[in-house]
Structures are given as C-alpha cells and as structure tokens.
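Worksheet: one structure, shown below.
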Amino acid sequence: MSILDDTLAHSMDSNTGLTVTSTMQRNWMTTSKWAMFFAILGFIWIGLSLLSMGSMASAMQMMQMMSGDNPVFAMYGALMPYMTILTLITVAVMFFIHFFHLRFATQIQRAINFTDQTAFVDAWRNLRNHFRIYGILVCVLLVFYGIILVVMVTTVASSNNFPME
Amino acid sequence: MENFDQPIDMGMAPSMDDSLRITPEVRQYWKETSAWALFFAILLFIVFGLVSLAGIFLLFAGGVSGFISGIFVIAIYGVFLFFPAYFYFLFSSQMKQALNTENRVLLDLAFVNLKRFYRFVGILLIVLVALGIFAFLIFGVALLNNGPSGY
C-alpha cells in the first residue's frame, strides 16, 4: 500500500499528463539551432552598431569643429552626449536580449543531449528572460515613439495657427 | 528486519532520472513565455492590419502604379508579418490550454508552432541579409565605377 502512495506522491510532484516526448525534444533542438543563429546575428549587429556609432560620433565632432557658428551643428553637439548614452543603454539591453537567447539555445541542447534537468530548467528560465526583456524594450520604445509622435503633431498643429485677417 | 521477499528498490520513486521532468518551475516559465508571445503576436497582427490598410488604400486610390505597388506591399509585408504573428499566437494559446488541461498533444503542437516561427523568421532573415549584402555590393561597385564626382 505504501508503495502505491509513494508512487502517487512522486507523480503528483511532476504533474502527470505532461511529459517530455521525443517529438518535443526534436522540435526543441531545431528551435535551439535557429535561436543560436538569431543570437549570433544579434551580436554581430551590436558590434556593427558600436563601430558605426563610434565613427559617427567622431565624424560629428569633426563637422562641429569645422563649421564654427552653425546652429544646427551646435545643437547636434549639445545632444551628442545624450544620444551616446541612449545608444549605449539600447546596445546594453540588446546585448542581454541576445545573451539570454544564446543561453537558452546552449542549455536546451545540453539538457536534451545529456538529460540534464538543471540545464532544462535553466534553458526555459533564459528563454523567459529573453522574452521579458524584449517585451519591456518594445513597450518602452512604443511609449517613447508615441510621445515623440504626440509632440510632433502638437508642434505642427500649433505652428499652423495662422491669424485670420 | 529486512524483507527479502520484495525487490530491493521497493518504495523508491519510479526511475524518473532518465528523462527530463516538467517541474512546476518549468510550467511557470512556459506560462510567462506564452504570455509575452501573445503580446508580440497581437502587436504584429496590429502592424499587419495597418500595413494591409495602407496597401488596400494604395490599391484603390493610387492609380495603376499604386495598384501594382499596393499588391506588392500587401503580398510581401503581409506575408512577412502575418505568419510570425500567427505562429506566435498558436504557440501561446496552445501552451496556455495545454498547461490548464494537462494535454500533452496540445503541448507538442505548441512547440511545433514555436519551431515553425523560428524557422520562418530564420529563413526570412537569411534572405533579407543576403539581399542586403547584395544591394550593398551593387551600390559599392556603382560608387567605385562612377565615383562621387562622376556624371
């Protein structure tokens, strides 16, 4: 009797009904290969962004030095530190997005190849983190662009107030 | 007193160590992942709707060239946006249902759709990157041939 109770107790721990099948494992392997591809592409993109940001910053500085009193370049010069900080923050966030994606890919492959339960749980935690950061970034960008859109529309609307004469 | 009539591993858990276990922690991670996937699916569907509207507007209000470009816009952007959204949506809804009803078939299906999403977006990215590199090379060759001051 105690054997049955033990079996039942242990099976309740893992919520019977849902088990890992070989089909799932095959799908996970394919998914992880594509996820690794995306993560590597993402890291390459981050590297290229940093390079282009560095070269643009120095080009802007050169233009600013050469143009003297030009107000447009003076404005760019004032904004440059903020733009640089904003870009660096975005790059850092994107780095973590792709890092978690890569961790998911490597951990799920390890879990399937070596039946590693710890890696299995880690993999899904990393995928959750990837989705979470990506989602938060998208929400922030949506709000940011929404605010810019509203500001632009109100600026255009207020500048079109021609006095009726 | 040891009971020699019964097997030596009596009372121990069935050997679950040789397969991966879906623990409550994993289920929680799956639940949260599917919620975010639903968010992305809805966003993509909204963008797909807006692009389709713009395409339809071009179709009817743009004249002949508008008609052609309208078809292109709907066909290309529509396909690029619809299928990822659809696969994400299926993954999310099937995962949620599978976790609620302990349905292994649905769970399998959910992961099939997640794989389909990754495969579709992966192939799309490869094509876009290849096209981008190709365009960059053409542009570069054209610049080299004509030069910035060539007329």
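Residues are named by chain letter and number: chains run A, B, ... in the order of the structure tokens, numbers start at 1 in each chain, and ligands are numbered from 1 in the order shown.
For Ala119 in chain A, the list of residues within 8 Å, based on only C-alpha atoms and with local chain neighbours fewer than 5 positions off taken out, reads Gln107, Ile108, Arg110 and Ala111 of chain A.
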Can those selected residues be exported to a file as an mmCIF file, in the first residue's frame so that it contains C-alpha atoms?
```
data_model
loop_
_atom_site.group_PDB
_atom_site.id
_atom_site.type_symbol
_atom_site.label_atom_id
_atom_site.label_comp_id
_atom_site.auth_asym_id
_atom_site.auth_seq_id
_atom_site.Cartn_x
_atom_site.Cartn_y
_atom_site.Cartn_z
ATOM 1 C CA GLN A 107 21.212 24.969 -22.275
ATOM 2 C CA ILE A 108 18.347 23.223 -24.068
ATOM 3 C CA ARG A 110 22.761 20.322 -23.168
ATOM 4 C CA ALA A 111 19.563 19.260 -21.458
#
```
Q. Got a sec: who's within 10 Å of range 98-103 of chain B, counting only C-alpha atoms, leaving out chain neighbours fewer than 3 positions off, as a VMD selection string?
A. (chain A and resid 15 to 19) or (chain B and resid 27 to 28 30 to 31 92 to 95 106 to 110)
Mind dumping the selected residues with N, CA and C atoms as a PDB file, in the first residue's frame?
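Final output, saved to result_9.pdb:
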```pdb
ATOM      1  N   ASN A  15       3.339  16.537 -11.867  1.00  0.00           N
ATOM      2  CA  ASN A  15       2.117  16.843 -12.623  1.00  0.00           C
ATOM      3  C   ASN A  15       1.938  15.920 -13.812  1.00  0.00           C
ATOM      4  N   THR A  16       1.636  14.685 -13.568  1.00  0.00           N
ATOM      5  CA  THR A  16       1.485  13.706 -14.648  1.00  0.00           C
ATOM      6  C   THR A  16       0.480  14.196 -15.659  1.00  0.00           C
ATOM      7  N   GLY A  17       0.619  13.722 -16.907  1.00  0.00           N
ATOM      8  CA  GLY A  17      -0.185  14.189 -18.018  1.00  0.00           C
ATOM      9  C   GLY A  17       0.735  14.910 -18.961  1.00  0.00           C
ATOM     10  N   LEU A  18       1.598  15.740 -18.441  1.00  0.00           N
ATOM     11  CA  LEU A  18       2.553  16.452 -19.281  1.00  0.00           C
ATOM     12  C   LEU A  18       3.927  15.837 -19.076  1.00  0.00           C
ATOM     13  N   THR A  19       4.406  15.187 -20.130  1.00  0.00           N
ATOM     14  CA  THR A  19       5.753  14.633 -20.078  1.00  0.00           C
ATOM     15  C   THR A  19       6.508  15.058 -21.325  1.00  0.00           C
TER      16      THR A  19
ATOM     17  N   ARG B  27       6.846  24.881 -15.737  1.00  0.00           N
ATOM     18  CA  ARG B  27       5.497  25.266 -16.162  1.00  0.00           C
ATOM     19  C   ARG B  27       5.295  26.771 -16.004  1.00  0.00           C
ATOM     20  N   GLN B  28       5.819  27.320 -14.915  1.00  0.00           N
ATOM     21  CA  GLN B  28       5.696  28.761 -14.690  1.00  0.00           C
ATOM     22  C   GLN B  28       6.427  29.541 -15.785  1.00  0.00           C
ATOM     23  N   TRP B  30       7.082  28.511 -18.813  1.00  0.00           N
ATOM     24  CA  TRP B  30       6.325  28.346 -20.056  1.00  0.00           C
ATOM     25  C   TRP B  30       5.120  29.281 -20.090  1.00  0.00           C
ATOM     26  N   LYS B  31       4.462  29.388 -18.923  1.00  0.00           N
ATOM     27  CA  LYS B  31       3.264  30.251 -18.838  1.00  0.00           C
ATOM     28  C   LYS B  31       3.652  31.694 -19.142  1.00  0.00           C
ATOM     29  N   SER B  92       1.217  30.412 -28.192  1.00  0.00           N
ATOM     30  CA  SER B  92       0.759  30.955 -26.922  1.00  0.00           C
ATOM     31  C   SER B  92      -0.563  30.328 -26.482  1.00  0.00           C
ATOM     32  N   SER B  93      -1.550  30.273 -27.396  1.00  0.00           N
ATOM     33  CA  SER B  93      -2.860  29.763 -26.994  1.00  0.00           C
ATOM     34  C   SER B  93      -2.801  28.264 -26.700  1.00  0.00           C
ATOM     35  N   GLN B  94      -2.019  27.526 -27.518  1.00  0.00           N
ATOM     36  CA  GLN B  94      -1.936  26.083 -27.283  1.00  0.00           C
ATOM     37  C   GLN B  94      -1.189  25.770 -25.997  1.00  0.00           C
ATOM     38  N   MET B  95      -0.149  26.556 -25.693  1.00  0.00           N
ATOM     39  CA  MET B  95       0.617  26.338 -24.466  1.00  0.00           C
ATOM     40  C   MET B  95      -0.280  26.586 -23.250  1.00  0.00           C
ATOM     41  N   LEU B 106      -1.523  18.936 -27.136  1.00  0.00           N
ATOM     42  CA  LEU B 106      -1.507  20.390 -27.330  1.00  0.00           C
ATOM     43  C   LEU B 106      -0.136  20.966 -27.038  1.00  0.00           C
ATOM     44  N   LEU B 107       0.523  20.439 -26.012  1.00  0.00           N
ATOM     45  CA  LEU B 107       1.860  20.917 -25.658  1.00  0.00           C
ATOM     46  C   LEU B 107       2.829  20.660 -26.808  1.00  0.00           C
ATOM     47  N   ASP B 108       2.729  19.447 -27.387  1.00  0.00           N
ATOM     48  CA  ASP B 108       3.530  19.096 -28.560  1.00  0.00           C
ATOM     49  C   ASP B 108       3.290  20.090 -29.689  1.00  0.00           C
ATOM     50  N   LEU B 109       2.002  20.334 -29.952  1.00  0.00           N
ATOM     51  CA  LEU B 109       1.621  21.255 -31.033  1.00  0.00           C
ATOM     52  C   LEU B 109       2.181  22.650 -30.793  1.00  0.00           C
ATOM     53  N   ALA B 110       2.123  23.083 -29.517  1.00  0.00           N
ATOM     54  CA  ALA B 110       2.618  24.420 -29.170  1.00  0.00           C
ATOM     55  C   ALA B 110       4.081  24.552 -29.566  1.00  0.00           C
TER      56      ALA B 110
END
```
Wanna dump the range 78-164 of chain A-range 22-38 of chain A contacts at 9 Å for me, each residue with its shortest atom pair and the distance in Å to one decimal, counting only C-alpha atoms, ordered by chain and number, as JSON lines?
```
{"residue": "A:His98", "atom": "CA", "partner": "A:Phe38", "partner_atom": "CA", "distance": 7.7}
{"residue": "A:His101", "atom": "CA", "partner": "A:Ala35", "partner_atom": "CA", "distance": 6.3}
{"residue": "A:Leu102", "atom": "CA", "partner": "A:Met36", "partner_atom": "CA", "distance": 5.4}
{"residue": "A:Arg103", "atom": "CA", "partner": "A:Met36", "partner_atom": "CA", "distance": 8.6}
{"residue": "A:Phe104", "atom": "CA", "partner": "A:Ser32", "partner_atom": "CA", "distance": 7.2}
{"residue": "A:Ala105", "atom": "CA", "partner": "A:Ser32", "partner_atom": "CA", "distance": 4.3}
{"residue": "A:Thr106", "atom": "CA", "partner": "A:Ser32", "partner_atom": "CA", "distance": 7.4}
{"residue": "A:Gln107", "atom": "CA", "partner": "A:Ser32", "partner_atom": "CA", "distance": 8.9}
{"residue": "A:Ile108", "atom": "CA", "partner": "A:Ser32", "partner_atom": "CA", "distance": 6.9}
{"residue": "A:Gln109", "atom": "CA", "partner": "A:Met29", "partner_atom": "CA", "distance": 6.3}
{"residue": "A:Ile112", "atom": "CA", "partner": "A:Gln25", "partner_atom": "CA", "distance": 6.7}
```
Keeping only C-alpha atoms, write the selected residues to a file as a CSV table (one decimal), in the first residue's frame.
```csv
chain,number,residue,atom,x,y,z
A,98,HIS,CA,20.7,38.1,-27.4
A,101,HIS,CA,18.6,33.7,-26.3
A,102,LEU,CA,22.0,32.2,-26.7
A,103,ARG,CA,21.9,30.7,-23.2
A,104,PHE,CA,18.5,29.2,-24.0
A,105,ALA,CA,19.9,27.6,-27.1
A,106,THR,CA,23.0,26.1,-25.4
A,107,GLN,CA,21.2,25.0,-22.3
A,108,ILE,CA,18.3,23.2,-24.1
A,109,GLN,CA,20.8,21.4,-26.3
A,112,ILE,CA,18.5,17.1,-24.4
```
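Here CA of Leu51 in chain A stands at a distance of 25.4 Å from CA of Leu124 in chain B.
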Q: Within 10 Å of chain A, which residues of chain B are there when counting only C-alpha atoms? Please give them as a PyMOL selection string.
A: chain B and resi 10-14+16-37+39-40+43+98-99+101-123+125-126+129
Generate the output file for the selected residues, C-alpha atoms, as a short mmCIF file (atom, residue, chain, number, x, y, z; two decimals), in the first residue's frame.
```cif
data_model
loop_
_atom_site.label_atom_id
_atom_site.label_comp_id
_atom_site.auth_asym_id
_atom_site.auth_seq_id
_atom_site.Cartn_x
_atom_site.Cartn_y
_atom_site.Cartn_z
CA MET B 10 10.76 -1.14 -3.26
CA GLY B 11 9.25 2.14 -2.13
CA MET B 12 11.62 4.20 -4.21
CA ALA B 13 10.29 6.58 -6.84
CA PRO B 14 9.94 5.17 -10.35
CA MET B 16 12.38 9.37 -13.48
CA ASP B 17 16.03 10.33 -13.57
CA ASP B 18 16.48 9.11 -17.12
CA SER B 19 14.02 11.61 -18.59
CA LEU B 20 13.56 15.33 -18.32
CA ARG B 21 10.86 16.34 -15.87
CA ILE B 22 8.36 19.14 -16.32
CA THR B 23 8.51 20.69 -12.88
CA PRO B 24 6.19 23.45 -11.60
CA GLU B 25 9.09 25.90 -12.15
CA VAL B 26 9.27 24.94 -15.85
CA ARG B 27 5.50 25.27 -16.16
CA GLN B 28 5.70 28.76 -14.69
CA TYR B 29 8.41 29.75 -17.18
CA TRP B 30 6.33 28.35 -20.06
CA LYS B 31 3.26 30.25 -18.84
CA GLU B 32 5.17 33.57 -18.72
CA THR B 33 6.85 32.94 -22.08
CA SER B 34 3.49 32.22 -23.73
CA ALA B 35 2.05 35.46 -22.25
CA TRP B 36 4.85 37.51 -23.84
CA ALA B 37 4.45 35.56 -27.10
CA PHE B 39 1.77 40.21 -26.61
CA PHE B 40 4.15 40.05 -29.61
CA LEU B 43 1.47 43.70 -31.81
CA ALA B 98 -2.07 22.54 -22.57
CA LEU B 99 -0.95 23.76 -19.14
CA THR B 101 -5.87 20.89 -19.28
CA GLU B 102 -2.68 18.75 -18.90
CA ASN B 103 -2.95 17.94 -22.61
CA ARG B 104 0.31 16.52 -23.98
CA VAL B 105 -0.85 16.66 -27.61
CA LEU B 106 -1.51 20.39 -27.33
CA LEU B 107 1.86 20.92 -25.66
CA ASP B 108 3.53 19.10 -28.56
CA LEU B 109 1.62 21.26 -31.03
CA ALA B 110 2.62 24.42 -29.17
CA PHE B 111 6.31 23.59 -29.55
CA VAL B 112 5.79 22.65 -33.22
CA ASN B 113 4.38 26.15 -33.80
CA LEU B 114 7.27 27.74 -31.89
CA LYS B 115 9.67 25.83 -34.13
CA ARG B 116 7.73 26.96 -37.20
CA PHE B 117 8.02 30.59 -36.02
CA TYR B 118 11.78 30.30 -35.58
CA ARG B 119 12.21 28.55 -38.96
CA PHE B 120 10.10 31.13 -40.82
CA VAL B 121 11.81 34.15 -39.26
CA GLY B 122 15.21 32.47 -39.67
CA ILE B 123 14.74 31.88 -43.41
CA LEU B 125 16.37 36.88 -42.04
CA ILE B 126 18.77 34.88 -44.21
CA VAL B 129 20.64 39.69 -45.04
#
```
